[in-house]
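Engineer: Below is upload-v6.cif; it holds mmCIF, C-alpha atoms.
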data_model
#
loop_
_atom_site.group_PDB
_atom_site.id
_atom_site.type_symbol
_atom_site.label_atom_id
_atom_site.label_comp_id
_atom_site.auth_asym_id
_atom_site.auth_seq_id
_atom_site.Cartn_x
_atom_site.Cartn_y
_atom_site.Cartn_z
ATOM 1 C CA MET A 1 -18.389 -14.854 -27.664
ATOM 2 C CA THR A 2 -17.217 -15.684 -31.174
ATOM 3 C CA PRO A 3 -19.628 -17.270 -33.670
ATOM 4 C CA ARG A 4 -17.440 -20.365 -33.836
ATOM 5 C CA ILE A 5 -17.622 -20.913 -30.073
ATOM 6 C CA LEU A 6 -21.379 -20.244 -30.094
ATOM 7 C CA ARG A 7 -21.908 -22.858 -32.816
ATOM 8 C CA ALA A 8 -19.833 -25.408 -30.917
ATOM 9 C CA MET A 9 -21.756 -24.736 -27.712
ATOM 10 C CA LEU A 10 -25.094 -25.119 -29.489
ATOM 11 C CA ALA A 11 -24.011 -28.408 -31.037
ATOM 12 C CA ILE A 12 -22.883 -29.695 -27.637
ATOM 13 C CA ALA A 13 -26.157 -28.587 -26.055
ATOM 14 C CA ALA A 14 -28.173 -30.323 -28.777
ATOM 15 C CA SER A 15 -26.200 -33.529 -28.334
ATOM 16 C CA ALA A 16 -26.613 -33.366 -24.557
ATOM 17 C CA ALA A 17 -30.355 -32.825 -24.868
ATOM 18 C CA LEU A 18 -30.639 -35.829 -27.134
ATOM 19 C CA ALA A 19 -28.554 -37.974 -24.808
ATOM 20 C CA ALA A 20 -30.697 -36.921 -21.842
ATOM 21 C CA GLY A 21 -33.850 -37.874 -23.685
ATOM 22 C CA THR A 22 -35.187 -34.315 -23.812
ATOM 23 C CA SER A 23 -35.252 -34.145 -27.591
ATOM 24 C CA GLN A 24 -38.434 -33.132 -29.326
ATOM 25 C CA ALA A 25 -38.134 -36.141 -31.623
ATOM 26 C CA ALA A 26 -41.446 -37.814 -32.361
ATOM 27 C CA ASP A 27 -39.635 -41.145 -32.419
ATOM 28 C CA SER A 28 -36.705 -41.318 -29.993
ATOM 29 C CA SER A 29 -35.126 -44.181 -31.945
ATOM 30 C CA ASP A 30 -34.989 -42.025 -35.068
ATOM 31 C CA ALA A 31 -31.440 -41.942 -36.439
ATOM 32 C CA GLY A 32 -32.313 -38.565 -37.892
ATOM 33 C CA ALA A 33 -32.197 -36.979 -34.431
ATOM 34 C CA LYS A 34 -28.527 -37.915 -34.151
ATOM 35 C CA VAL A 35 -27.685 -36.656 -37.640
ATOM 36 C CA TYR A 36 -29.604 -33.442 -36.969
ATOM 37 C CA ALA A 37 -27.799 -32.853 -33.664
ATOM 38 C CA GLU A 38 -24.386 -33.478 -35.220
ATOM 39 C CA GLN A 39 -24.838 -31.743 -38.571
ATOM 40 C CA CYS A 40 -27.703 -29.252 -38.450
ATOM 41 C CA ALA A 41 -28.485 -27.986 -34.946
ATOM 42 C CA SER A 42 -25.446 -25.712 -34.708
ATOM 43 C CA CYS A 43 -26.935 -23.458 -37.406
ATOM 44 C CA HIS A 44 -30.666 -24.203 -37.308
ATOM 45 C CA ASP A 45 -30.978 -24.504 -33.482
ATOM 46 C CA PRO A 46 -31.791 -27.777 -31.680
ATOM 47 C CA THR A 47 -35.511 -26.943 -31.939
ATOM 48 C CA GLY A 48 -35.372 -25.769 -35.556
ATOM 49 C CA ALA A 49 -36.067 -22.154 -34.576
ATOM 50 C CA GLY A 50 -33.089 -20.882 -36.594
ATOM 51 C CA ILE A 51 -30.072 -18.954 -35.364
ATOM 52 C CA ALA A 52 -29.552 -15.347 -36.320
ATOM 53 C CA GLY A 53 -26.712 -15.023 -38.810
ATOM 54 C CA PHE A 54 -26.241 -18.784 -39.181
ATOM 55 C CA GLY A 55 -29.305 -20.650 -40.331
ATOM 56 C CA SER A 56 -32.920 -20.185 -41.241
ATOM 57 C CA PRO A 57 -35.776 -21.585 -39.186
ATOM 58 C CA LEU A 58 -36.912 -25.092 -40.076
ATOM 59 C CA ALA A 59 -39.807 -25.408 -37.625
ATOM 60 C CA GLY A 60 -42.773 -24.220 -39.664
ATOM 61 C CA PRO A 61 -41.263 -23.439 -43.067
ATOM 62 C CA ALA A 62 -40.239 -27.042 -43.775
ATOM 63 C CA ALA A 63 -43.810 -28.356 -43.440
ATOM 64 C CA ALA A 64 -45.217 -25.415 -45.398
ATOM 65 C CA ARG A 65 -42.862 -26.179 -48.267
ATOM 66 C CA LEU A 66 -43.512 -29.921 -48.055
ATOM 67 C CA ASN A 67 -47.266 -29.352 -48.281
ATOM 68 C CA ALA A 68 -47.007 -27.200 -51.428
ATOM 69 C CA PRO A 69 -46.958 -28.866 -54.858
ATOM 70 C CA GLY A 70 -43.343 -29.739 -55.696
ATOM 71 C CA GLY A 71 -42.277 -29.382 -52.076
ATOM 72 C CA ARG A 72 -41.011 -32.922 -51.510
ATOM 73 C CA PRO A 73 -38.421 -32.852 -54.284
ATOM 74 C CA TYR A 74 -37.433 -29.293 -53.338
ATOM 75 C CA LEU A 75 -36.694 -30.262 -49.721
ATOM 76 C CA ALA A 76 -34.651 -33.251 -50.886
ATOM 77 C CA GLN A 77 -32.714 -31.053 -53.318
ATOM 78 C CA VAL A 78 -31.921 -28.490 -50.621
ATOM 79 C CA VAL A 79 -30.525 -31.095 -48.223
ATOM 80 C CA VAL A 80 -28.440 -32.589 -51.042
ATOM 81 C CA HIS A 81 -27.207 -29.430 -52.781
ATOM 82 C CA GLY A 82 -27.275 -26.933 -49.905
ATOM 83 C CA ILE A 83 -28.594 -23.419 -50.310
ATOM 84 C CA ALA A 84 -27.363 -19.903 -49.715
ATOM 85 C CA GLY A 85 -29.260 -16.680 -49.586
ATOM 86 C CA VAL A 86 -31.384 -14.297 -47.610
ATOM 87 C CA PHE A 87 -33.846 -15.545 -45.010
ATOM 88 C CA GLU A 88 -35.969 -13.848 -42.408
ATOM 89 C CA LEU A 89 -35.725 -14.495 -38.665
ATOM 90 C CA ASP A 90 -37.658 -12.432 -36.113
ATOM 91 C CA GLY A 91 -38.399 -9.776 -38.722
ATOM 92 C CA GLN A 92 -34.736 -9.414 -39.683
ATOM 93 C CA ARG A 93 -33.485 -10.247 -43.167
ATOM 94 C CA GLN A 94 -30.174 -12.100 -43.005
ATOM 95 C CA PHE A 95 -27.803 -14.001 -45.241
ATOM 96 C CA ALA A 96 -26.792 -17.585 -44.513
ATOM 97 C CA ALA A 97 -25.184 -20.395 -46.457
ATOM 98 C CA MET A 98 -25.779 -24.112 -46.018
ATOM 99 C CA PRO A 99 -23.060 -26.080 -47.796
ATOM 100 C CA PRO A 100 -23.953 -29.406 -49.360
ATOM 101 C CA PRO A 101 -23.355 -32.168 -46.807
ATOM 102 C CA VAL A 102 -21.311 -34.353 -49.149
ATOM 103 C CA GLU A 103 -20.201 -36.709 -46.365
ATOM 104 C CA LEU A 104 -23.749 -37.847 -45.534
ATOM 105 C CA THR A 105 -25.430 -40.831 -47.166
ATOM 106 C CA ASP A 106 -28.875 -40.821 -48.731
ATOM 107 C CA GLU A 107 -30.136 -42.726 -45.668
ATOM 108 C CA GLN A 108 -28.686 -40.156 -43.254
ATOM 109 C CA LEU A 109 -30.095 -37.203 -45.198
ATOM 110 C CA ALA A 110 -33.539 -38.810 -45.430
ATOM 111 C CA ALA A 111 -33.462 -39.562 -41.696
ATOM 112 C CA ALA A 112 -32.437 -35.989 -40.804
ATOM 113 C CA LEU A 113 -35.090 -34.474 -43.077
ATOM 114 C CA ASN A 114 -37.750 -36.763 -41.627
ATOM 115 C CA TYR A 115 -36.635 -35.782 -38.125
ATOM 116 C CA VAL A 116 -37.087 -32.104 -39.004
ATOM 117 C CA LEU A 117 -40.516 -32.822 -40.436
ATOM 118 C CA ARG A 118 -41.780 -35.135 -37.672
ATOM 119 C CA ALA A 119 -40.200 -33.493 -34.622
ATOM 120 C CA GLN A 120 -40.220 -29.821 -35.567
ATOM 121 C CA ASN A 121 -43.184 -29.624 -37.930
ATOM 122 C CA ALA A 122 -45.486 -32.396 -36.688
ATOM 123 C CA LYS A 123 -48.566 -30.217 -36.210
ATOM 124 C CA ALA A 124 -48.388 -28.946 -39.801
ATOM 125 C CA LEU A 125 -47.840 -32.295 -41.506
ATOM 126 C CA PRO A 126 -50.697 -33.744 -43.510
ATOM 127 C CA PRO A 127 -52.394 -36.751 -41.902
ATOM 128 C CA ASP A 128 -51.192 -38.972 -44.747
ATOM 129 C CA PHE A 129 -47.536 -37.839 -44.472
ATOM 130 C CA MET A 130 -45.152 -40.405 -45.901
ATOM 131 C CA PRO A 131 -41.507 -40.085 -44.813
ATOM 132 C CA ILE A 132 -38.932 -38.938 -47.322
ATOM 133 C CA THR A 133 -37.096 -41.994 -48.629
ATOM 134 C CA PRO A 134 -33.416 -42.518 -49.395
ATOM 135 C CA ALA A 135 -34.523 -43.068 -53.012
ATOM 136 C CA GLU A 136 -35.941 -39.525 -53.090
ATOM 137 C CA ILE A 137 -32.621 -38.202 -51.793
ATOM 138 C CA ALA A 138 -30.770 -40.198 -54.466
ATOM 139 C CA ALA A 139 -33.082 -38.758 -57.120
ATOM 140 C CA ALA A 140 -32.330 -35.250 -55.811
ATOM 141 C CA ARG A 141 -28.599 -35.916 -56.195
ATOM 142 C CA ALA A 142 -29.197 -36.638 -59.871
ATOM 143 C CA VAL A 143 -30.898 -33.265 -60.429
ATOM 144 C CA VAL A 144 -28.523 -30.387 -61.082
ATOM 145 C CA ARG A 145 -30.024 -27.210 -59.602
ATOM 146 C CA SER A 146 -28.392 -23.821 -59.429
ATOM 147 C CA GLN A 147 -28.794 -21.620 -56.380
ATOM 148 C CA LYS A 148 -30.959 -19.346 -58.529
ATOM 149 C CA ASP A 149 -33.245 -22.280 -59.420
ATOM 150 C CA LEU A 150 -33.526 -23.358 -55.787
ATOM 151 C CA HIS A 151 -34.424 -19.831 -54.713
ATOM 152 C CA ARG A 152 -37.003 -19.483 -57.480
ATOM 153 C CA THR A 153 -38.617 -22.725 -56.313
ATOM 154 C CA LYS A 154 -38.445 -21.559 -52.680
ATOM 155 C CA LEU A 155 -40.335 -18.365 -53.559
ATOM 156 C CA GLU A 156 -42.928 -20.332 -55.530
ATOM 157 C CA LEU A 157 -43.450 -22.717 -52.598
ATOM 158 C CA GLU A 158 -43.783 -19.810 -50.172
ATOM 159 C CA LYS A 159 -46.459 -18.229 -52.396
ATOM 160 C CA ALA A 160 -48.312 -21.541 -52.662
ATOM 161 C CA ALA A 161 -48.217 -21.986 -48.886
ATOM 162 C CA LYS A 162 -50.008 -18.664 -48.251
#
Can you give me the file's structure in the form of structure tokens?
Structural biologist:
Amino acid sequence: MTPRILRAMLAIAASAALAAGTSQAADSSDAGAKVYAEQCASCHDPTGAGIAGFGSPLAGPAAARLNAPGGRPYLAQVVVHGIAGVFELDGQRQFAAMPPPVELTDEQLAAALNYVLRAQNAKALPPDFMPITPAEIAAARAVVRSQKDLHRTKLELEKAAK
């Protein structure tokens, strides 16, 4: 099966799961679940577990990065600017690239990021978790970050999370 067909099948499966009400969304009315299914699940998996050769896991790492100092702006910058580089999945180091989703609004990106945090990282969120706002996404758009800068911050957040 070609990677393109696999991605399409995963996106269809994610959309079907959401339509059937079997999504892991903490709030089924969350618009972020729809954005995630349409834009993110084909590479990151409907559950956020990651897909070998396509996208890094989001379930676990997203909350760990959020909880580290500087994590909120970093997560917003990644969803705005995209990121490319090496990630680890099941003990295997792989390369993946997430292009910037230029067609999505600040509201859609905030909703998708909050979906990832609430539905796929709920157990690791701090009790006082405040959802990412569209204003935070807009602020991230105003910050110019190179891939090198994003990766440096990623490594710093990973160290802080340990």
Engineer: Tell me which protein, DNA and RNA residues are within 7 Å of region 45-54 of chain A, counting only C-alpha atoms, leaving out same-chain ones fewer than 6 positions away, and put them as a list of chain:residue names.
Structural biologist: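 Everything that qualifies: A:Ala14, A:Ala37, A:Leu89, A:Gln94, A:Phe95, A:Ala96, A:Gln120.
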Engineer: Which residue is closest to Gln39 (chain A)? Choose from A:Met98, A:Ala138, A:Leu75, A:Ala68 and count all atoms listed in the file.
Structural biologist: A:Met98
Engineer: Can you list, as a list in words, every protein, DNA or RNA residue that comes within 7 Å of His81 (chain A) when you count only C-alpha atoms, leaving out same-chain residues fewer than 3 positions away?
Structural biologist: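 The residues satisfying every condition are Gln77, Val78 and Pro100 of chain A.
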Engineer: Interatomic distance between CA of Pro101 (chain A) and CA of Ala84 (chain A)?
Structural biologist: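 Separation of CA of Pro101 (chain A) and CA of Ala84 (chain A): 13.2 Å.
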Engineer: Looking at only C-alpha atoms, which of A:Ala59, A:Ala161, A:Gly91, A:Ala41 is the one that sits closest to Ala119 (chain A)?
Structural biologist: A:Ala59
Engineer: For Val35 (chain A), which residue out of A:Asn67, A:Gln147, A:Thr105, A:Gln92 is the nearest one, using all atoms listed in the file?
Structural biologist: A:Thr105
Engineer: Using CA of Gly55 (chain A) and CA of Pro73 (chain A) as the two end points, give the distance in Å to one decimal.
Structural biologist: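 Between these atoms lies a distance of 20.7 Å.
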Engineer: Using the chain letters and numbers from this file, what does the PyMOL selection byres ((chain A and resi 160) around 12) select? Give the answer as a ChimeraX atom specification.
Structural biologist: /A:64-71,153-159,161-162
Engineer: Using all atoms listed in the file, find the one residue out of A:Ile83, A:Glu88, A:Arg93, A:Asn114 that sits nearest to Pro134 (chain A).
Structural biologist: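 Nearest candidate to Pro134 (chain A) out of A:Ile83, A:Glu88, A:Arg93, A:Asn114: A:Asn114.
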Engineer: Is it possible to get the residues within 8 Å of (-48.0, -22.6, -40.4) (coordinates as in the file, counting all atoms listed in the file) written as a list in words?
Structural biologist: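 Checked against the point, the hits come out as Gly60, Pro61, Ala63, Ala64 and Ala124 of chain A.
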Engineer: Calculated over all atoms listed in the file, which of the candidates A:Phe87, A:Ile132, A:Ser56, A:Ala110 has the smallest distance to Tyr36 (chain A)?
Structural biologist: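 Closest to Tyr36 (chain A) of all the choices is A:Ala110.
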Engineer: Please report the interatomic distance between CA of Asp128 (chain A) and CA of Ala112 (chain A) in Å with one decimal.
Structural biologist: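 These atoms are spaced 19.4 Å apart.
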Engineer: Check the smallest atom-to-atom distance from each of A:Ala122, A:Val143, A:Val86, A:Val116 to Ala31 (chain A) using all atoms listed in the file, then report the winner.
Structural biologist: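 Distance minimum relative to Ala31 (chain A) lands on A:Val116.
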